[in-house]
file input_19.pdb (PDB, C-alpha atoms and all ligand atoms)
ATOM      1  CA  MET A  12      20.100  69.840  26.903  1.00  0.00           C
ATOM      2  CA  THR A  13      22.988  67.435  26.973  1.00  0.00           C
ATOM      3  CA  ILE A  14      25.441  67.170  29.804  1.00  0.00           C
ATOM      4  CA  SER A  15      28.586  65.196  29.146  1.00  0.00           C
ATOM      5  CA  GLY A  16      31.012  64.183  31.774  1.00  0.00           C
ATOM      6  CA  TYR A  17      32.730  61.629  33.835  1.00  0.00           C
ATOM      7  CA  PHE A  18      30.570  60.542  36.727  1.00  0.00           C
ATOM      8  CA  ALA A  19      31.726  57.376  38.403  1.00  0.00           C
ATOM      9  CA  PRO A  20      29.679  56.928  40.406  1.00  0.00           C
ATOM     10  CA  ILE A  21      27.266  59.822  40.343  1.00  0.00           C
ATOM     11  CA  LYS A  22      27.395  61.835  43.556  1.00  0.00           C
ATOM     12  CA  LYS A  23      24.798  63.758  45.536  1.00  0.00           C
ATOM     13  CA  ASP A  24      25.707  67.247  44.295  1.00  0.00           C
ATOM     14  CA  GLU A  25      25.896  65.994  40.727  1.00  0.00           C
ATOM     15  CA  ARG A  26      22.505  64.415  41.099  1.00  0.00           C
ATOM     16  CA  GLU A  27      21.097  67.683  42.476  1.00  0.00           C
ATOM     17  CA  PHE A  28      22.545  69.585  39.541  1.00  0.00           C
ATOM     18  CA  ILE A  29      20.863  67.152  37.186  1.00  0.00           C
ATOM     19  CA  ALA A  30      17.597  67.430  39.095  1.00  0.00           C
ATOM     20  CA  ARG A  31      17.676  71.226  38.737  1.00  0.00           C
ATOM     21  CA  ALA A  32      18.379  70.922  35.027  1.00  0.00           C
ATOM     22  CA  CYS A  33      15.468  68.527  34.755  1.00  0.00           C
ATOM     23  CA  GLU A  34      13.128  71.110  36.248  1.00  0.00           C
ATOM     24  CA  THR A  35      13.924  73.732  33.653  1.00  0.00           C
ATOM     25  CA  GLU A  36      14.564  71.626  30.570  1.00  0.00           C
ATOM     26  CA  LYS A  37      12.122  69.504  28.676  1.00  0.00           C
ATOM     27  CA  HIS A  38      14.592  66.784  27.857  1.00  0.00           C
ATOM     28  CA  VAL A  39      17.843  66.134  29.609  1.00  0.00           C
ATOM     29  CA  THR A  40      20.286  63.567  28.377  1.00  0.00           C
ATOM     30  CA  ILE A  41      23.393  62.944  30.378  1.00  0.00           C
ATOM     31  CA  LEU A  42      26.211  61.117  28.709  1.00  0.00           C
ATOM     32  CA  VAL A  43      28.291  59.374  31.276  1.00  0.00           C
ATOM     33  CA  LEU A  44      31.762  58.398  30.283  1.00  0.00           C
ATOM     34  CA  ASP A  45      33.043  55.636  32.448  1.00  0.00           C
ATOM     35  CA  PRO A  46      36.571  54.720  31.438  1.00  0.00           C
ATOM     36  CA  LYS A  47      36.178  51.101  32.410  1.00  0.00           C
ATOM     37  CA  VAL A  48      33.096  50.570  30.312  1.00  0.00           C
ATOM     38  CA  PHE A  49      33.038  50.922  26.576  1.00  0.00           C
ATOM     39  CA  PHE A  50      29.464  51.946  26.183  1.00  0.00           C
ATOM     40  CA  ILE A  51      28.004  55.283  27.033  1.00  0.00           C
ATOM     41  CA  LYS A  52      25.419  55.062  29.695  1.00  0.00           C
ATOM     42  CA  LEU A  53      22.473  57.275  29.249  1.00  0.00           C
ATOM     43  CA  LEU A  54      20.778  58.812  32.194  1.00  0.00           C
ATOM     44  CA  GLN A  55      17.507  60.154  30.968  1.00  0.00           C
ATOM     45  CA  LYS A  56      14.787  62.170  32.481  1.00  0.00           C
ATOM     46  CA  GLU A  57      11.690  63.151  30.628  1.00  0.00           C
ATOM     47  CA  LEU A  58      10.340  65.848  32.927  1.00  0.00           C
ATOM     48  CA  ASP A  59       8.813  63.539  35.472  1.00  0.00           C
ATOM     49  CA  GLY A  60      10.138  60.299  36.762  1.00  0.00           C
ATOM     50  CA  LEU A  61      12.960  61.462  38.963  1.00  0.00           C
ATOM     51  CA  PRO A  62      15.216  59.938  40.144  1.00  0.00           C
ATOM     52  CA  VAL A  63      16.998  59.716  36.847  1.00  0.00           C
ATOM     53  CA  ARG A  64      17.016  56.412  35.105  1.00  0.00           C
ATOM     54  CA  LEU A  65      20.241  54.667  34.308  1.00  0.00           C
ATOM     55  CA  GLU A  66      20.377  52.909  30.993  1.00  0.00           C
ATOM     56  CA  THR A  67      23.434  50.945  30.144  1.00  0.00           C
ATOM     57  CA  GLY A  68      24.572  49.164  27.052  1.00  0.00           C
ATOM     58  CA  ASP A  69      26.588  46.891  29.251  1.00  0.00           C
ATOM     59  CA  LYS A  70      26.867  46.323  32.945  1.00  0.00           C
ATOM     60  CA  PRO A  71      29.991  47.951  34.417  1.00  0.00           C
ATOM     61  CA  LYS A  72      32.725  45.366  34.769  1.00  0.00           C
ATOM     62  CA  GLY A  73      35.486  45.284  37.321  1.00  0.00           C
ATOM     63  CA  THR A  74      36.336  48.186  39.545  1.00  0.00           C
ATOM     64  CA  PHE A  75      36.511  51.803  38.571  1.00  0.00           C
ATOM     65  CA  LEU A  76      40.009  52.942  37.794  1.00  0.00           C
ATOM     66  CA  SER A  77      39.597  56.223  39.527  1.00  0.00           C
ATOM     67  CA  HIS A  78      37.374  58.163  41.825  1.00  0.00           C
ATOM     68  CA  THR A  79      38.145  61.435  40.111  1.00  0.00           C
ATOM     69  CA  PRO A  80      35.105  63.620  40.673  1.00  0.00           C
ATOM     70  CA  ALA A  81      33.379  65.064  37.635  1.00  0.00           C
ATOM     71  CA  SER A  82      34.032  68.504  39.067  1.00  0.00           C
ATOM     72  CA  SER A  83      37.747  68.000  38.483  1.00  0.00           C
ATOM     73  CA  LEU A  84      37.126  67.494  34.789  1.00  0.00           C
ATOM     74  CA  PHE A  85      35.085  70.630  34.495  1.00  0.00           C
ATOM     75  CA  ASP A  86      32.978  72.825  36.643  1.00  0.00           C
ATOM     76  CA  LEU A  87      29.529  71.322  36.884  1.00  0.00           C
ATOM     77  CA  LYS A  88      27.958  74.771  36.619  1.00  0.00           C
ATOM     78  CA  ASP A  89      29.201  74.917  33.042  1.00  0.00           C
ATOM     79  CA  ALA A  90      28.558  71.299  32.275  1.00  0.00           C
ATOM     80  CA  GLY A  91      25.652  72.054  30.018  1.00  0.00           C
ATOM     81  CA  GLU A  92      27.907  73.948  27.698  1.00  0.00           C
ATOM     82  CA  ILE A  93      30.730  71.506  27.560  1.00  0.00           C
ATOM     83  CA  SER A  94      30.357  68.531  25.304  1.00  0.00           C
ATOM     84  CA  LEU A  95      32.748  65.670  24.900  1.00  0.00           C
ATOM     85  CA  LYS A  96      33.328  66.929  21.390  1.00  0.00           C
ATOM     86  CA  ALA A  97      34.616  70.182  22.836  1.00  0.00           C
ATOM     87  CA  ILE A  98      36.805  68.330  25.325  1.00  0.00           C
ATOM     88  CA  MET A  99      38.335  66.341  22.469  1.00  0.00           C
ATOM     89  CA  LYS A 100      39.485  69.550  20.802  1.00  0.00           C
ATOM     90  CA  ASN A 101      41.412  70.695  23.834  1.00  0.00           C
ATOM     91  CA  ASN A 102      44.683  68.971  24.708  1.00  0.00           C
ATOM     92  CA  ARG A 103      44.600  70.255  28.297  1.00  0.00           C
ATOM     93  CA  LEU A 104      41.166  68.693  28.890  1.00  0.00           C
ATOM     94  CA  ILE A 105      42.171  65.508  27.063  1.00  0.00           C
ATOM     95  CA  LYS A 106      44.954  65.108  29.609  1.00  0.00           C
ATOM     96  CA  LYS A 107      42.365  65.238  32.377  1.00  0.00           C
ATOM     97  CA  LEU A 108      40.259  62.700  30.542  1.00  0.00           C
ATOM     98  CA  ILE A 109      43.025  60.160  30.010  1.00  0.00           C
ATOM     99  CA  LYS A 110      44.732  60.481  33.384  1.00  0.00           C
ATOM    100  CA  PRO A 111      42.212  58.384  35.326  1.00  0.00           C
ATOM    101  CA  MET A 112      42.258  55.790  32.546  1.00  0.00           C
ATOM    102  CA  MET A 113      45.872  54.752  32.982  1.00  0.00           C
ATOM    103  CA  ASN A 114      48.545  54.257  35.579  1.00  0.00           C
ATOM    104  CA  GLU A 115      51.142  56.933  36.271  1.00  0.00           C
ATOM    105  CA  LYS A 116      53.821  55.320  34.103  1.00  0.00           C
ATOM    106  CA  ARG A 117      51.495  54.996  31.095  1.00  0.00           C
ATOM    107  CA  TYR A 118      50.303  58.565  31.554  1.00  0.00           C
ATOM    108  CA  ARG A 119      53.883  59.875  31.578  1.00  0.00           C
ATOM    109  CA  HIS A 120      54.617  57.778  28.480  1.00  0.00           C
ATOM    110  CA  SER A 121      51.546  59.216  26.722  1.00  0.00           C
ATOM    111  CA  VAL A 122      52.558  62.797  27.450  1.00  0.00           C
ATOM    112  CA  SER A 123      56.117  62.036  26.353  1.00  0.00           C
ATOM    113  CA  VAL A 124      54.856  60.494  23.101  1.00  0.00           C
ATOM    114  CA  ALA A 125      52.727  63.620  22.604  1.00  0.00           C
ATOM    115  CA  GLU A 126      55.720  65.895  23.122  1.00  0.00           C
ATOM    116  CA  THR A 127      57.916  63.814  20.811  1.00  0.00           C
ATOM    117  CA  ALA A 128      55.189  63.723  18.143  1.00  0.00           C
ATOM    118  CA  LYS A 129      54.919  67.499  18.404  1.00  0.00           C
ATOM    119  CA  ILE A 130      58.659  67.925  17.778  1.00  0.00           C
ATOM    120  CA  LEU A 131      58.522  65.581  14.775  1.00  0.00           C
ATOM    121  CA  ALA A 132      55.456  67.400  13.431  1.00  0.00           C
ATOM    122  CA  GLU A 133      57.150  70.785  13.758  1.00  0.00           C
ATOM    123  CA  SER A 134      60.180  69.435  11.907  1.00  0.00           C
ATOM    124  CA  HIS A 135      58.108  68.099   9.019  1.00  0.00           C
ATOM    125  CA  GLY A 136      55.375  70.669   8.472  1.00  0.00           C
ATOM    126  CA  PHE A 137      52.521  68.870  10.200  1.00  0.00           C
ATOM    127  CA  ASP A 138      50.063  70.459  12.650  1.00  0.00           C
ATOM    128  CA  PRO A 139      51.794  70.040  16.049  1.00  0.00           C
ATOM    129  CA  LYS A 140      48.545  70.226  18.037  1.00  0.00           C
ATOM    130  CA  ARG A 141      47.006  67.286  16.203  1.00  0.00           C
ATOM    131  CA  ALA A 142      50.238  65.317  16.500  1.00  0.00           C
ATOM    132  CA  TYR A 143      50.284  66.052  20.243  1.00  0.00           C
ATOM    133  CA  ARG A 144      46.660  64.887  20.503  1.00  0.00           C
ATOM    134  CA  ALA A 145      47.447  61.628  18.712  1.00  0.00           C
ATOM    135  CA  GLY A 146      50.214  61.031  21.238  1.00  0.00           C
ATOM    136  CA  LEU A 147      47.970  61.704  24.211  1.00  0.00           C
ATOM    137  CA  LEU A 148      45.240  59.391  22.927  1.00  0.00           C
ATOM    138  CA  HIS A 149      47.173  56.517  21.381  1.00  0.00           C
ATOM    139  CA  ASP A 150      47.233  54.254  24.459  1.00  0.00           C
ATOM    140  CA  ILE A 151      43.840  55.236  25.841  1.00  0.00           C
ATOM    141  CA  LEU A 152      42.695  51.596  25.995  1.00  0.00           C
ATOM    142  CA  LYS A 153      46.022  50.055  26.995  1.00  0.00           C
ATOM    143  CA  LYS A 154      44.555  49.130  30.356  1.00  0.00           C
ATOM    144  CA  TYR A 155      41.617  47.267  28.902  1.00  0.00           C
ATOM    145  CA  THR A 156      41.821  43.518  29.349  1.00  0.00           C
ATOM    146  CA  GLU A 157      42.036  41.272  26.313  1.00  0.00           C
ATOM    147  CA  GLU A 158      38.445  40.291  26.950  1.00  0.00           C
ATOM    148  CA  GLU A 159      37.326  43.926  26.864  1.00  0.00           C
ATOM    149  CA  ASN A 160      39.315  44.646  23.727  1.00  0.00           C
ATOM    150  CA  ASP A 161      37.900  41.510  22.119  1.00  0.00           C
ATOM    151  CA  ALA A 162      34.367  42.717  22.886  1.00  0.00           C
ATOM    152  CA  ILE A 163      35.084  45.862  20.874  1.00  0.00           C
ATOM    153  CA  LEU A 164      36.830  43.957  18.076  1.00  0.00           C
ATOM    154  CA  THR A 165      33.951  41.513  17.793  1.00  0.00           C
ATOM    155  CA  ARG A 166      31.641  44.428  17.249  1.00  0.00           C
ATOM    156  CA  TYR A 167      33.762  46.575  14.950  1.00  0.00           C
ATOM    157  CA  ALA A 168      36.816  44.809  13.559  1.00  0.00           C
ATOM    158  CA  ASP A 169      36.694  41.070  14.081  1.00  0.00           C
ATOM    159  CA  SER A 170      39.562  40.412  11.672  1.00  0.00           C
ATOM    160  CA  HIS A 171      41.877  41.592  14.461  1.00  0.00           C
ATOM    161  CA  LEU A 172      40.639  39.099  17.048  1.00  0.00           C
ATOM    162  CA  SER A 173      43.677  36.938  16.283  1.00  0.00           C
ATOM    163  CA  ALA A 174      46.155  39.843  16.650  1.00  0.00           C
ATOM    164  CA  PRO A 175      48.737  39.579  19.463  1.00  0.00           C
ATOM    165  CA  PRO A 176      47.013  40.637  22.724  1.00  0.00           C
ATOM    166  CA  GLN A 177      49.534  43.410  23.422  1.00  0.00           C
ATOM    167  CA  ILE A 178      48.605  45.326  20.274  1.00  0.00           C
ATOM    168  CA  LYS A 179      44.828  44.970  20.316  1.00  0.00           C
ATOM    169  CA  HIS A 180      44.452  48.293  22.154  1.00  0.00           C
ATOM    170  CA  ALA A 181      45.696  50.039  18.990  1.00  0.00           C
ATOM    171  CA  TYR A 182      42.886  48.573  16.890  1.00  0.00           C
ATOM    172  CA  THR A 183      40.162  49.209  19.477  1.00  0.00           C
ATOM    173  CA  ALA A 184      41.039  52.765  20.544  1.00  0.00           C
ATOM    174  CA  PRO A 185      39.732  54.434  17.351  1.00  0.00           C
ATOM    175  CA  TYR A 186      36.309  52.838  17.843  1.00  0.00           C
ATOM    176  CA  PHE A 187      36.223  53.930  21.474  1.00  0.00           C
ATOM    177  CA  LEU A 188      37.205  57.462  20.480  1.00  0.00           C
ATOM    178  CA  LYS A 189      34.607  57.595  17.728  1.00  0.00           C
ATOM    179  CA  GLU A 190      31.715  55.987  19.553  1.00  0.00           C
ATOM    180  CA  VAL A 191      32.232  57.193  23.097  1.00  0.00           C
ATOM    181  CA  CYS A 192      34.104  60.452  22.706  1.00  0.00           C
ATOM    182  CA  HIS A 193      32.569  61.600  19.386  1.00  0.00           C
ATOM    183  CA  TYR A 194      36.069  62.164  18.099  1.00  0.00           C
ATOM    184  CA  ASP A 195      36.204  62.303  14.322  1.00  0.00           C
ATOM    185  CA  ASP A 196      39.662  63.355  13.176  1.00  0.00           C
ATOM    186  CA  GLU A 197      40.187  60.465  10.768  1.00  0.00           C
ATOM    187  CA  GLN A 198      43.891  61.108  10.300  1.00  0.00           C
ATOM    188  CA  VAL A 199      44.500  60.958  14.045  1.00  0.00           C
ATOM    189  CA  LEU A 200      42.312  57.852  14.328  1.00  0.00           C
ATOM    190  CA  ASN A 201      44.253  56.168  11.512  1.00  0.00           C
ATOM    191  CA  ALA A 202      47.566  57.002  13.183  1.00  0.00           C
ATOM    192  CA  ILE A 203      46.364  55.486  16.461  1.00  0.00           C
ATOM    193  CA  TYR A 204      45.057  52.405  14.633  1.00  0.00           C
ATOM    194  CA  HIS A 205      48.533  51.782  13.176  1.00  0.00           C
ATOM    195  CA  HIS A 206      50.680  52.877  16.108  1.00  0.00           C
ATOM    196  CA  SER A 207      51.679  49.297  16.896  1.00  0.00           C
ATOM    197  CA  ASP A 208      51.900  47.732  13.449  1.00  0.00           C
ATOM    198  CA  GLY A 209      53.431  50.770  11.718  1.00  0.00           C
ATOM    199  CA  GLU A 210      51.658  49.870   8.515  1.00  0.00           C
ATOM    200  CA  SER A 211      50.428  53.207   7.272  1.00  0.00           C
ATOM    201  CA  GLU A 212      52.106  55.518   4.811  1.00  0.00           C
ATOM    202  CA  ASP A 213      50.385  58.571   6.271  1.00  0.00           C
ATOM    203  CA  ILE A 214      52.702  61.235   7.697  1.00  0.00           C
ATOM    204  CA  LEU A 215      50.971  61.444  11.084  1.00  0.00           C
ATOM    205  CA  ALA A 216      50.943  57.645  11.388  1.00  0.00           C
ATOM    206  CA  LYS A 217      54.709  57.617  10.840  1.00  0.00           C
ATOM    207  CA  ILE A 218      55.199  60.443  13.339  1.00  0.00           C
ATOM    208  CA  LEU A 219      53.173  58.633  15.999  1.00  0.00           C
ATOM    209  CA  TYR A 220      54.845  55.279  15.321  1.00  0.00           C
ATOM    210  CA  ILE A 221      58.300  56.812  15.771  1.00  0.00           C
ATOM    211  CA  ALA A 222      57.265  58.921  18.773  1.00  0.00           C
ATOM    212  CA  ASP A 223      55.752  55.899  20.531  1.00  0.00           C
ATOM    213  CA  LYS A 224      58.827  53.730  20.023  1.00  0.00           C
ATOM    214  CA  ARG A 225      61.477  56.371  20.635  1.00  0.00           C
ATOM    215  CA  GLU A 226      60.052  58.839  23.166  1.00  0.00           C
ATOM    216  CA  PRO A 227      62.879  59.819  25.560  1.00  0.00           C
ATOM    217  CA  LEU A 228      61.482  57.994  28.617  1.00  0.00           C
ATOM    218  CA  ARG A 229      62.231  54.708  26.822  1.00  0.00           C
ATOM    219  CA  LYS A 230      65.919  55.692  27.072  1.00  0.00           C
ATOM    220  CA  LEU A 231      66.876  53.869  23.873  1.00  0.00           C
ATOM    221  CA  ASN A 232      69.193  56.617  22.627  1.00  0.00           C
ATOM    222  CA  ASP A 233      70.077  54.841  19.386  1.00  0.00           C
ATOM    223  CA  GLY A 234      69.909  57.918  17.178  1.00  0.00           C
ATOM    224  CA  ILE A 235      66.665  56.897  15.434  1.00  0.00           C
ATOM    225  CA  LEU A 236      64.719  59.799  16.926  1.00  0.00           C
ATOM    226  CA  GLU A 237      67.359  62.294  15.833  1.00  0.00           C
ATOM    227  CA  ALA A 238      67.476  60.683  12.359  1.00  0.00           C
ATOM    228  CA  SER A 239      63.677  60.990  12.173  1.00  0.00           C
ATOM    229  CA  ILE A 240      63.750  64.662  13.129  1.00  0.00           C
ATOM    230  CA  ALA A 241      66.229  65.258  10.298  1.00  0.00           C
ATOM    231  CA  ASP A 242      64.467  62.999   7.768  1.00  0.00           C
ATOM    232  CA  LEU A 243      61.154  61.358   8.595  1.00  0.00           C
ATOM    233  CA  GLU A 244      61.294  58.712   5.854  1.00  0.00           C
ATOM    234  CA  GLU A 245      64.814  57.684   6.721  1.00  0.00           C
ATOM    235  CA  GLY A 246      64.060  57.515  10.461  1.00  0.00           C
ATOM    236  CA  TYR A 247      60.890  55.545   9.835  1.00  0.00           C
ATOM    237  CA  ALA A 248      62.715  53.042   7.592  1.00  0.00           C
ATOM    238  CA  LEU A 249      65.463  52.623  10.205  1.00  0.00           C
ATOM    239  CA  LEU A 250      62.915  52.033  12.948  1.00  0.00           C
ATOM    240  CA  ARG A 251      60.928  49.501  10.920  1.00  0.00           C
ATOM    241  CA  LYS A 252      64.116  47.533  10.307  1.00  0.00           C
ATOM    242  CA  ASN A 253      65.065  47.800  13.956  1.00  0.00           C
ATOM    243  CA  VAL A 254      61.652  46.516  15.108  1.00  0.00           C
ATOM    244  CA  GLU A 255      61.752  43.640  12.593  1.00  0.00           C
ATOM    245  CA  ARG A 256      65.165  42.611  13.879  1.00  0.00           C
ATOM    246  CA  TYR A 257      64.037  42.846  17.495  1.00  0.00           C
ATOM    247  CA  LEU A 258      60.972  40.695  16.868  1.00  0.00           C
ATOM    248  CA  GLU A 259      62.968  38.153  14.951  1.00  0.00           C
ATOM    249  CA  GLU A 260      65.472  37.870  17.794  1.00  0.00           C
ATOM    250  CA  LYS A 261      62.824  37.783  20.480  1.00  0.00           C
ATOM    251  CA  TYR A 262      60.148  35.638  18.881  1.00  0.00           C
ATOM    252  CA  GLY A 263      61.848  34.174  15.824  1.00  0.00           C
ATOM    253  CA  VAL A 264      59.134  35.629  13.642  1.00  0.00           C
ATOM    254  CA  THR A 265      58.763  38.450  11.186  1.00  0.00           C
ATOM    255  CA  GLY A 266      55.781  40.531  10.246  1.00  0.00           C
ATOM    256  CA  VAL A 267      54.256  40.674  13.731  1.00  0.00           C
ATOM    257  CA  HIS A 268      54.501  43.971  15.542  1.00  0.00           C
TER     258      HIS A 268
HETATM  259 FE    FE A 301      50.336  51.261  22.423  1.00  0.00          FE
HETATM  260 FE    FE A 302      52.490  53.742  23.602  1.00  0.00          FE
END
call {"tool": "encode", "arguments": {"input": "input_19.pdb", "output": "structure tokens"}}
result
Amino acid sequence: MTISGYFAPIKKDEREFIARACETEKHVTILVLDPKVFFIKLLQKELDGLPVRLETGDKPKGTFLSHTPASSLFDLKDAGEISLKAIMKNNRLIKKLIKPMMNEKRYRHSVSVAETAKILAESHGFDPKRAYRAGLLHDILKKYTEEENDAILTRYADSHLSAPPQIKHAYTAPYFLKEVCHYDDEQVLNAIYHHSDGESEDILAKILYIADKREPLRKLNDGILEASIADLEEGYALLRKNVERYLEEKYGVTGVH
């Protein structure tokens, strides 16, 4: 039996639920998703040996971002049936998952990117639900510190260690989603990976790139979103040029996004 959820920290009633499960099941593995820590912590009980043992890949760092109880993510009674994999297929539950991982402004941005990506997807024959999901998830690690992002990059993609700090979250999020959340939609992961650099020719990657840079809360109103709804390639080309120009003016460099 596997119970997946967000327990930070584990509370008395949650512990009792686990204890009951331990009495009836031979093996109980509880995957604990702590948004501030990259690694899954395994609480394991092998019939005897209560209280449950906490095994961590890494010690929790910093303070927890939220005290959202697990019961708000899903009803603990049903926890045995709900896996993270199932959560990742449901945009409503994904919203609950990401909310404690970001501040209010970032959360509103993420939902707005999701809604914009959905509109673009509908206009260009792409699955709107998957586009919406990419929008919800794209900034999931935005709140990680550079040190935390570097820890992930060192392990999975060290060629990006020299990337500008503000875009590292794009390169680390796919590894977090794969390793921690068991999320395996490669097209969505690729779009998230390139949401800052814009360097993917894939349709969803272009949709997400445009949605992230031109979602309505940014109030840029320069017609690029409308152009992209009418013609994705044209809108994408306009945006790339616009971003290049902006970076050149701001930093005097090209090719860094
Ligand atoms: Fe981002
Ligand atoms: Fe974003």
call {"tool": "residues_near_ligand", "arguments": {"input": "input_19.pdb", "ligand": "ligand FE 301 (chain A)", "cutoff": "7 Å", "atoms": "all atoms listed in the file", "output": "count of residues only"}}
result
8
call {"tool": "closest_residue", "arguments": {"input": "input_19.pdb", "among": "A:Asn253, A:Thr165, A:Gln177, A:Asn102", "to": "ligand FE 302 (chain A)", "atoms": "all atoms listed in the file"}}
result
A:Gln177
call {"tool": "residues_near_ligand", "arguments": {"input": "input_19.pdb", "ligand": "ligand FE 302 (chain A)", "cutoff": "12 Å", "atoms": "only C-alpha atoms and all ligand atoms", "output": "ChimeraX atom specification"}}
result
/A:113,116-125,127-128,145-154,177-178,180-181,184,202-208,219-226,228-229
call {"tool": "write_last_selection", "arguments": {"input": "input_19.pdb", "atoms": "C-alpha atoms", "output": "PDB file, keeping the file's coordinate frame"}}
result
ATOM      1  CA  MET A 113      45.872  54.752  32.982  1.00  0.00           C
ATOM      2  CA  LYS A 116      53.821  55.320  34.103  1.00  0.00           C
ATOM      3  CA  ARG A 117      51.495  54.996  31.095  1.00  0.00           C
ATOM      4  CA  TYR A 118      50.303  58.565  31.554  1.00  0.00           C
ATOM      5  CA  ARG A 119      53.883  59.875  31.578  1.00  0.00           C
ATOM      6  CA  HIS A 120      54.617  57.778  28.480  1.00  0.00           C
ATOM      7  CA  SER A 121      51.546  59.216  26.722  1.00  0.00           C
ATOM      8  CA  VAL A 122      52.558  62.797  27.450  1.00  0.00           C
ATOM      9  CA  SER A 123      56.117  62.036  26.353  1.00  0.00           C
ATOM     10  CA  VAL A 124      54.856  60.494  23.101  1.00  0.00           C
ATOM     11  CA  ALA A 125      52.727  63.620  22.604  1.00  0.00           C
ATOM     12  CA  THR A 127      57.916  63.814  20.811  1.00  0.00           C
ATOM     13  CA  ALA A 128      55.189  63.723  18.143  1.00  0.00           C
ATOM     14  CA  ALA A 145      47.447  61.628  18.712  1.00  0.00           C
ATOM     15  CA  GLY A 146      50.214  61.031  21.238  1.00  0.00           C
ATOM     16  CA  LEU A 147      47.970  61.704  24.211  1.00  0.00           C
ATOM     17  CA  LEU A 148      45.240  59.391  22.927  1.00  0.00           C
ATOM     18  CA  HIS A 149      47.173  56.517  21.381  1.00  0.00           C
ATOM     19  CA  ASP A 150      47.233  54.254  24.459  1.00  0.00           C
ATOM     20  CA  ILE A 151      43.840  55.236  25.841  1.00  0.00           C
ATOM     21  CA  LEU A 152      42.695  51.596  25.995  1.00  0.00           C
ATOM     22  CA  LYS A 153      46.022  50.055  26.995  1.00  0.00           C
ATOM     23  CA  LYS A 154      44.555  49.130  30.356  1.00  0.00           C
ATOM     24  CA  GLN A 177      49.534  43.410  23.422  1.00  0.00           C
ATOM     25  CA  ILE A 178      48.605  45.326  20.274  1.00  0.00           C
ATOM     26  CA  HIS A 180      44.452  48.293  22.154  1.00  0.00           C
ATOM     27  CA  ALA A 181      45.696  50.039  18.990  1.00  0.00           C
ATOM     28  CA  ALA A 184      41.039  52.765  20.544  1.00  0.00           C
ATOM     29  CA  ALA A 202      47.566  57.002  13.183  1.00  0.00           C
ATOM     30  CA  ILE A 203      46.364  55.486  16.461  1.00  0.00           C
ATOM     31  CA  TYR A 204      45.057  52.405  14.633  1.00  0.00           C
ATOM     32  CA  HIS A 205      48.533  51.782  13.176  1.00  0.00           C
ATOM     33  CA  HIS A 206      50.680  52.877  16.108  1.00  0.00           C
ATOM     34  CA  SER A 207      51.679  49.297  16.896  1.00  0.00           C
ATOM     35  CA  ASP A 208      51.900  47.732  13.449  1.00  0.00           C
ATOM     36  CA  LEU A 219      53.173  58.633  15.999  1.00  0.00           C
ATOM     37  CA  TYR A 220      54.845  55.279  15.321  1.00  0.00           C
ATOM     38  CA  ILE A 221      58.300  56.812  15.771  1.00  0.00           C
ATOM     39  CA  ALA A 222      57.265  58.921  18.773  1.00  0.00           C
ATOM     40  CA  ASP A 223      55.752  55.899  20.531  1.00  0.00           C
ATOM     41  CA  LYS A 224      58.827  53.730  20.023  1.00  0.00           C
ATOM     42  CA  ARG A 225      61.477  56.371  20.635  1.00  0.00           C
ATOM     43  CA  GLU A 226      60.052  58.839  23.166  1.00  0.00           C
ATOM     44  CA  LEU A 228      61.482  57.994  28.617  1.00  0.00           C
ATOM     45  CA  ARG A 229      62.231  54.708  26.822  1.00  0.00           C
TER      46      ARG A 229
END
call {"tool": "closest_residue", "arguments": {"input": "input_19.pdb", "among": "A:Lys179, A:Arg144, A:Lys252, A:His135", "to": "Ile163 (chain A)", "atoms": "all atoms listed in the file"}}
result
A:Lys179
call {"tool": "closest_residue", "arguments": {"input": "input_19.pdb", "among": "A:Ile218, A:Pro227, A:His171, A:Leu250", "to": "Lys129 (chain A)", "atoms": "all atoms listed in the file"}}
result
A:Ile218
call {"tool": "atom_distance", "arguments": {"input": "input_19.pdb", "atom1": "CA of Ile235 (chain A)", "atom2": "CA of Tyr182 (chain A)"}}
result
25.2 Å
call {"tool": "axis_aligned_box", "arguments": {"input": "input_19.pdb", "around": "region 201-209 of chain A", "padding_each_side": "4 Å", "output": "lines of an AutoDock Vina configuration file"}}
result
center_x = 48.8
center_y = 52.4
center_z = 14.2
size_x = 17.2
size_y = 17.3
size_z = 13.4
call {"tool": "residues_around", "arguments": {"input": "input_19.pdb", "residues": "Gln198 (chain A)", "least_positions_apart": "3", "cutoff": "9 Å", "atoms": "all atoms listed in the file", "output": "ChimeraX atom specification"}}
result
/A:195,201-203,213,215-216
call {"tool": "atom_distance", "arguments": {"input": "input_19.pdb", "atom1": "CA of Glu133 (chain A)", "atom2": "CA of Arg251 (chain A)"}}
result
21.8 Å
call {"tool": "resolve_selection", "arguments": {"input": "input_19.pdb", "expression": "the PyMOL selection byres (((chain A and resi 99) around 12) and not hetatm)", "output": "compact mmCIF listing (two decimals) with C-alpha atoms, in the coordinates of the input"}}
result
# COMPACT_ATOMS: atom_id res chain seq x y z
CA SER A 15 28.59 65.20 29.15
CA ILE A 93 30.73 71.51 27.56
CA SER A 94 30.36 68.53 25.30
CA LEU A 95 32.75 65.67 24.90
CA LYS A 96 33.33 66.93 21.39
CA ALA A 97 34.62 70.18 22.84
CA ILE A 98 36.80 68.33 25.32
CA LYS A 100 39.48 69.55 20.80
CA ASN A 101 41.41 70.69 23.83
CA ASN A 102 44.68 68.97 24.71
CA ARG A 103 44.60 70.26 28.30
CA LEU A 104 41.17 68.69 28.89
CA ILE A 105 42.17 65.51 27.06
CA LYS A 106 44.95 65.11 29.61
CA LYS A 107 42.36 65.24 32.38
CA LEU A 108 40.26 62.70 30.54
CA ILE A 109 43.02 60.16 30.01
CA LYS A 140 48.54 70.23 18.04
CA ARG A 141 47.01 67.29 16.20
CA ARG A 144 46.66 64.89 20.50
CA ALA A 145 47.45 61.63 18.71
CA LEU A 147 47.97 61.70 24.21
CA LEU A 148 45.24 59.39 22.93
CA LEU A 188 37.20 57.46 20.48
CA LYS A 189 34.61 57.60 17.73
CA VAL A 191 32.23 57.19 23.10
CA CYS A 192 34.10 60.45 22.71
CA HIS A 193 32.57 61.60 19.39
CA TYR A 194 36.07 62.16 18.10
CA ASP A 195 36.20 62.30 14.32
CA ASP A 196 39.66 63.36 13.18
CA VAL A 199 44.50 60.96 14.04
